[in-house]
Amino acid sequence: MSTEIDLSLLDPVLEGHHGHKDALITMLQEVQEIYGYLPEAVLARLSDETGISLSRIYAVVTFYAQFHTTPRGRRIVRVCRGTACHVQGGNTIFQLVKQLLGIEEGQTSPDLEYTLETVACIGACALAPNVVVNGVTYSHVNAGKLSELFTRKDRR
């Protein structure tokens with residue numbers, strides 16, 4: 001899966017933060033919004049253009065869980081593993097999601113359609129078990145709802 005990275009997409013970020021080395025996290029967030037992750041070539045150019053060492057950039061990228069250095073799916077699926085969801089069958093839901101998507105936790109499907117993650121709690125305990133897809137929460141999830149969610153043609 002080798003895809004050419006368009007480094008020119010980085011130009012507006014560099015221009016918007018020219019001379020502001022203290023804006024590294026903001027720049028990384030903007031870059032990740034553009035590319036969907038933080039490609040190595042982009043980080044190298046960011047280092048060259050800002051004068052921030054590549055090791056410093058990687059230190060920040062690897063410290064914060066919000067940053068990703070590998071491509072992610074178009075649909076980010078988060079399964080709640082909190083206590084209420086667990087008690088309401090969350091582990092079974094998680095196993096079904098893994099089976100339906102054909103990937104493990106932390107993996108992205110080969111077609112870059114899905115990335116599967118778990119979260120400690122989404123804060124909707126009364127609606128357990130919960131699954132979040134691209135920011136949309138699906139509550140009282142069961143096998144039927146999951147099957148519909150991941151097989152519909154008009155998926156979000």
# chains A, B, ... in the order shown; residues from 1 in each chain; ligands from 1

call {"tool": "residues_around", "arguments": {"residues": "A:Leu38", "least_positions_apart": "3", "cutoff": "12 Å", "atoms": "only C-alpha atoms", "output": "PyMOL selection string"}}
result
chain A and resi 5+7+10+27-35+41-46+57-58+60-62+66-72

call {"tool": "write_last_selection", "arguments": {"atoms": "N, CA and C atoms", "output": "PDB file, in the first residue's frame"}}
result
ATOM      1  N   ILE A   5       2.584  10.826  -1.006  1.00  0.00           N
ATOM      2  CA  ILE A   5       2.149  11.841  -0.055  1.00  0.00           C
ATOM      3  C   ILE A   5       2.322  13.214  -0.704  1.00  0.00           C
ATOM      4  N   LEU A   7       3.035  16.639  -0.263  1.00  0.00           N
ATOM      5  CA  LEU A   7       3.602  17.511   0.761  1.00  0.00           C
ATOM      6  C   LEU A   7       3.101  18.951   0.655  1.00  0.00           C
ATOM      7  N   LEU A  10       0.761  20.542   3.222  1.00  0.00           N
ATOM      8  CA  LEU A  10       1.317  21.045   4.476  1.00  0.00           C
ATOM      9  C   LEU A  10       1.523  22.561   4.452  1.00  0.00           C
ATOM     10  N   MET A  27      -0.013  22.406  15.215  1.00  0.00           N
ATOM     11  CA  MET A  27       0.383  22.052  13.843  1.00  0.00           C
ATOM     12  C   MET A  27       0.179  20.564  13.583  1.00  0.00           C
ATOM     13  N   LEU A  28       0.563  19.739  14.539  1.00  0.00           N
ATOM     14  CA  LEU A  28       0.396  18.290  14.372  1.00  0.00           C
ATOM     15  C   LEU A  28      -1.089  17.922  14.253  1.00  0.00           C
ATOM     16  N   GLN A  29      -1.927  18.571  15.047  1.00  0.00           N
ATOM     17  CA  GLN A  29      -3.365  18.314  14.959  1.00  0.00           C
ATOM     18  C   GLN A  29      -3.893  18.695  13.578  1.00  0.00           C
ATOM     19  N   GLU A  30      -3.467  19.846  13.073  1.00  0.00           N
ATOM     20  CA  GLU A  30      -3.917  20.294  11.754  1.00  0.00           C
ATOM     21  C   GLU A  30      -3.406  19.368  10.653  1.00  0.00           C
ATOM     22  N   VAL A  31      -2.167  18.957  10.763  1.00  0.00           N
ATOM     23  CA  VAL A  31      -1.587  18.041   9.767  1.00  0.00           C
ATOM     24  C   VAL A  31      -2.329  16.712   9.774  1.00  0.00           C
ATOM     25  N   GLN A  32      -2.612  16.203  10.972  1.00  0.00           N
ATOM     26  CA  GLN A  32      -3.328  14.932  11.055  1.00  0.00           C
ATOM     27  C   GLN A  32      -4.736  15.056  10.492  1.00  0.00           C
ATOM     28  N   GLU A  33      -5.352  16.205  10.669  1.00  0.00           N
ATOM     29  CA  GLU A  33      -6.684  16.436  10.085  1.00  0.00           C
ATOM     30  C   GLU A  33      -6.616  16.372   8.565  1.00  0.00           C
ATOM     31  N   ILE A  34      -5.547  16.864   7.995  1.00  0.00           N
ATOM     32  CA  ILE A  34      -5.378  16.876   6.535  1.00  0.00           C
ATOM     33  C   ILE A  34      -5.121  15.472   5.993  1.00  0.00           C
ATOM     34  N   TYR A  35      -4.174  14.761   6.591  1.00  0.00           N
ATOM     35  CA  TYR A  35      -3.725  13.479   6.044  1.00  0.00           C
ATOM     36  C   TYR A  35      -4.430  12.267   6.661  1.00  0.00           C
ATOM     37  N   ALA A  41       7.196  11.347   5.971  1.00  0.00           N
ATOM     38  CA  ALA A  41       7.696  12.393   5.071  1.00  0.00           C
ATOM     39  C   ALA A  41       7.163  13.769   5.466  1.00  0.00           C
ATOM     40  N   VAL A  42       5.959  13.826   5.947  1.00  0.00           N
ATOM     41  CA  VAL A  42       5.354  15.086   6.372  1.00  0.00           C
ATOM     42  C   VAL A  42       6.037  15.593   7.645  1.00  0.00           C
ATOM     43  N   LEU A  43       6.306  14.681   8.577  1.00  0.00           N
ATOM     44  CA  LEU A  43       6.980  15.080   9.810  1.00  0.00           C
ATOM     45  C   LEU A  43       8.397  15.576   9.513  1.00  0.00           C
ATOM     46  N   ALA A  44       9.065  14.942   8.561  1.00  0.00           N
ATOM     47  CA  ALA A  44      10.415  15.371   8.181  1.00  0.00           C
ATOM     48  C   ALA A  44      10.367  16.779   7.591  1.00  0.00           C
ATOM     49  N   ARG A  45       9.392  17.048   6.734  1.00  0.00           N
ATOM     50  CA  ARG A  45       9.273  18.395   6.159  1.00  0.00           C
ATOM     51  C   ARG A  45       8.912  19.412   7.238  1.00  0.00           C
ATOM     52  N   LEU A  46       8.019  19.029   8.145  1.00  0.00           N
ATOM     53  CA  LEU A  46       7.656  19.914   9.247  1.00  0.00           C
ATOM     54  C   LEU A  46       8.906  20.282  10.050  1.00  0.00           C
ATOM     55  N   ILE A  57       9.799  16.296  17.538  1.00  0.00           N
ATOM     56  CA  ILE A  57       8.471  16.075  16.951  1.00  0.00           C
ATOM     57  C   ILE A  57       7.981  14.677  17.289  1.00  0.00           C
ATOM     58  N   TYR A  58       8.841  13.674  17.111  1.00  0.00           N
ATOM     59  CA  TYR A  58       8.434  12.301  17.427  1.00  0.00           C
ATOM     60  C   TYR A  58       8.169  12.113  18.915  1.00  0.00           C
ATOM     61  N   VAL A  60       6.791  14.261  20.875  1.00  0.00           N
ATOM     62  CA  VAL A  60       5.427  14.763  21.090  1.00  0.00           C
ATOM     63  C   VAL A  60       4.405  13.793  20.482  1.00  0.00           C
ATOM     64  N   VAL A  61       4.666  13.356  19.258  1.00  0.00           N
ATOM     65  CA  VAL A  61       3.729  12.466  18.556  1.00  0.00           C
ATOM     66  C   VAL A  61       3.516  11.166  19.325  1.00  0.00           C
ATOM     67  N   THR A  62       4.587  10.606  19.858  1.00  0.00           N
ATOM     68  CA  THR A  62       4.461   9.318  20.548  1.00  0.00           C
ATOM     69  C   THR A  62       3.978   9.465  21.988  1.00  0.00           C
ATOM     70  N   GLN A  66      -3.563  10.956  20.907  1.00  0.00           N
ATOM     71  CA  GLN A  66      -4.377  11.516  19.831  1.00  0.00           C
ATOM     72  C   GLN A  66      -3.677  11.449  18.477  1.00  0.00           C
ATOM     73  N   PHE A  67      -2.348  11.244  18.477  1.00  0.00           N
ATOM     74  CA  PHE A  67      -1.597  11.252  17.226  1.00  0.00           C
ATOM     75  C   PHE A  67      -1.344   9.835  16.725  1.00  0.00           C
ATOM     76  N   HIS A  68      -1.390   9.684  15.397  1.00  0.00           N
ATOM     77  CA  HIS A  68      -1.231   8.372  14.774  1.00  0.00           C
ATOM     78  C   HIS A  68      -0.232   8.465  13.632  1.00  0.00           C
ATOM     79  N   THR A  69       0.691   7.518  13.593  1.00  0.00           N
ATOM     80  CA  THR A  69       1.723   7.525  12.557  1.00  0.00           C
ATOM     81  C   THR A  69       1.469   6.494  11.466  1.00  0.00           C
ATOM     82  N   THR A  70       0.351   5.822  11.535  1.00  0.00           N
ATOM     83  CA  THR A  70      -0.029   4.875  10.489  1.00  0.00           C
ATOM     84  C   THR A  70      -1.421   5.244   9.989  1.00  0.00           C
ATOM     85  N   PRO A  71      -1.724   4.896   8.741  1.00  0.00           N
ATOM     86  CA  PRO A  71      -3.050   5.230   8.198  1.00  0.00           C
ATOM     87  C   PRO A  71      -4.167   4.632   9.055  1.00  0.00           C
ATOM     88  N   ARG A  72      -5.252   5.375   9.146  1.00  0.00           N
ATOM     89  CA  ARG A  72      -6.419   4.937   9.915  1.00  0.00           C
ATOM     90  C   ARG A  72      -7.607   4.807   8.987  1.00  0.00           C
TER      91      ARG A  72
END

call {"tool": "select_by_dssp", "arguments": {"residues": "chain A", "states": "alpha helix (DSSP H)", "output": "ChimeraX atom specification"}}
result
/A:11-16,24-35,40-50,54-63,83-87,90-101,143-151

call {"tool": "select_by_dssp", "arguments": {"residues": "stretch 24-122 of chain A", "states": "strand (DSSP E or B)", "output": "number ranges by chain"}}
result
A: 75-80, 108, 114-119

call {"tool": "residues_around", "arguments": {"residues": "A:Thr118", "least_positions_apart": "4", "cutoff": "6 Å", "atoms": "only C-alpha atoms", "output": "list in words"}}
result
Arg78, Val79 and Cys80 of chain A

call {"tool": "residues_around", "arguments": {"residues": "stretch 81-89 of chain A", "least_positions_apart": "6", "cutoff": "8 Å", "atoms": "only C-alpha atoms", "output": "PyMOL selection string"}}
result
chain A and resi 118-122+125-126+128-130

call {"tool": "write_last_selection", "arguments": {"atoms": "N, CA and C atoms", "output": "CSV table (one decimal), in the first residue's frame"}}
result
chain,number,residue,atom,x,y,z
A,118,THR,N,-10.9,0.5,21.5
A,118,THR,CA,-11.7,0.4,22.7
A,118,THR,C,-11.5,1.7,23.6
A,119,VAL,N,-12.5,2.0,24.3
A,119,VAL,CA,-12.4,3.1,25.3
A,119,VAL,C,-12.8,2.7,26.6
A,120,ALA,N,-12.3,3.3,27.7
A,120,ALA,CA,-12.6,2.9,29.0
A,120,ALA,C,-14.1,3.3,29.4
A,121,CYS,N,-14.6,4.4,28.9
A,121,CYS,CA,-16.0,4.8,29.1
A,121,CYS,C,-16.3,5.9,28.2
A,122,ILE,N,-17.6,5.9,27.7
A,122,ILE,CA,-18.0,7.0,26.8
A,122,ILE,C,-19.0,7.9,27.6
A,125,CYS,N,-23.5,5.4,30.4
A,125,CYS,CA,-23.7,4.1,31.1
A,125,CYS,C,-25.1,3.6,31.1
A,126,ALA,N,-26.1,4.5,31.2
A,126,ALA,CA,-27.5,4.0,31.3
A,126,ALA,C,-27.9,3.4,30.0
A,128,ALA,N,-26.0,1.4,28.0
A,128,ALA,CA,-25.0,0.3,27.7
A,128,ALA,C,-25.7,-0.9,27.2
A,129,PRO,N,-25.0,-1.7,26.3
A,129,PRO,CA,-23.6,-1.4,25.8
A,129,PRO,C,-23.6,-0.5,24.7
A,130,ASN,N,-22.5,0.3,24.5
A,130,ASN,CA,-22.4,1.3,23.5
A,130,ASN,C,-21.2,1.1,22.5

call {"tool": "closest_residue", "arguments": {"among": "A:Gly51, A:Ala143, A:Glu104, A:Thr137", "to": "A:Ala124", "atoms": "only C-alpha atoms"}}
result
A:Thr137

call {"tool": "residues_around", "arguments": {"residues": "A:Asp111", "least_positions_apart": "5", "cutoff": "12 Å", "atoms": "only C-alpha atoms", "output": "PDB file with N, CA and C atoms, in the first residue's frame"}}
result
ATOM      1  N   MET A   1       0.839  -1.166   0.000  1.00  0.00           N
ATOM      2  CA  MET A   1       0.000   0.000   0.000  1.00  0.00           C
ATOM      3  C   MET A   1       0.891   1.239   0.000  1.00  0.00           C
ATOM      4  N   PRO A  71      -1.724   4.896   8.741  1.00  0.00           N
ATOM      5  CA  PRO A  71      -3.050   5.230   8.198  1.00  0.00           C
ATOM      6  C   PRO A  71      -4.167   4.632   9.055  1.00  0.00           C
ATOM      7  N   ARG A  72      -5.252   5.375   9.146  1.00  0.00           N
ATOM      8  CA  ARG A  72      -6.419   4.937   9.915  1.00  0.00           C
ATOM      9  C   ARG A  72      -7.607   4.807   8.987  1.00  0.00           C
ATOM     10  N   GLY A  73      -8.582   4.064   9.434  1.00  0.00           N
ATOM     11  CA  GLY A  73      -9.773   3.842   8.633  1.00  0.00           C
ATOM     12  C   GLY A  73     -10.638   5.076   8.489  1.00  0.00           C
ATOM     13  N   ARG A  74     -11.451   5.079   7.465  1.00  0.00           N
ATOM     14  CA  ARG A  74     -12.413   6.171   7.271  1.00  0.00           C
ATOM     15  C   ARG A  74     -13.456   6.161   8.373  1.00  0.00           C
ATOM     16  N   ARG A  75     -13.702   5.020   8.937  1.00  0.00           N
ATOM     17  CA  ARG A  75     -14.664   4.886  10.038  1.00  0.00           C
ATOM     18  C   ARG A  75     -13.914   4.391  11.275  1.00  0.00           C
ATOM     19  N   LEU A 101     -15.772  -7.034  11.485  1.00  0.00           N
ATOM     20  CA  LEU A 101     -14.807  -6.199  10.774  1.00  0.00           C
ATOM     21  C   LEU A 101     -13.576  -6.977  10.320  1.00  0.00           C
ATOM     22  N   GLY A 102     -13.337  -8.112  10.947  1.00  0.00           N
ATOM     23  CA  GLY A 102     -12.185  -8.932  10.579  1.00  0.00           C
ATOM     24  C   GLY A 102     -10.861  -8.337  11.022  1.00  0.00           C
ATOM     25  N   ILE A 103     -10.883  -7.545  12.102  1.00  0.00           N
ATOM     26  CA  ILE A 103      -9.665  -6.946  12.629  1.00  0.00           C
ATOM     27  C   ILE A 103      -9.669  -7.016  14.144  1.00  0.00           C
TER      28      ILE A 103
END

call {"tool": "closest_residue", "arguments": {"among": "A:Glu117, A:Tyr37, A:Arg56, A:Leu100", "to": "A:Gly144", "atoms": "only C-alpha atoms"}}
result
A:Leu100

call {"tool": "atom_distance", "arguments": {"atom1": "atom CA of A:Thr50", "atom2": "atom CA of A:His17"}}
result
9.0 Å
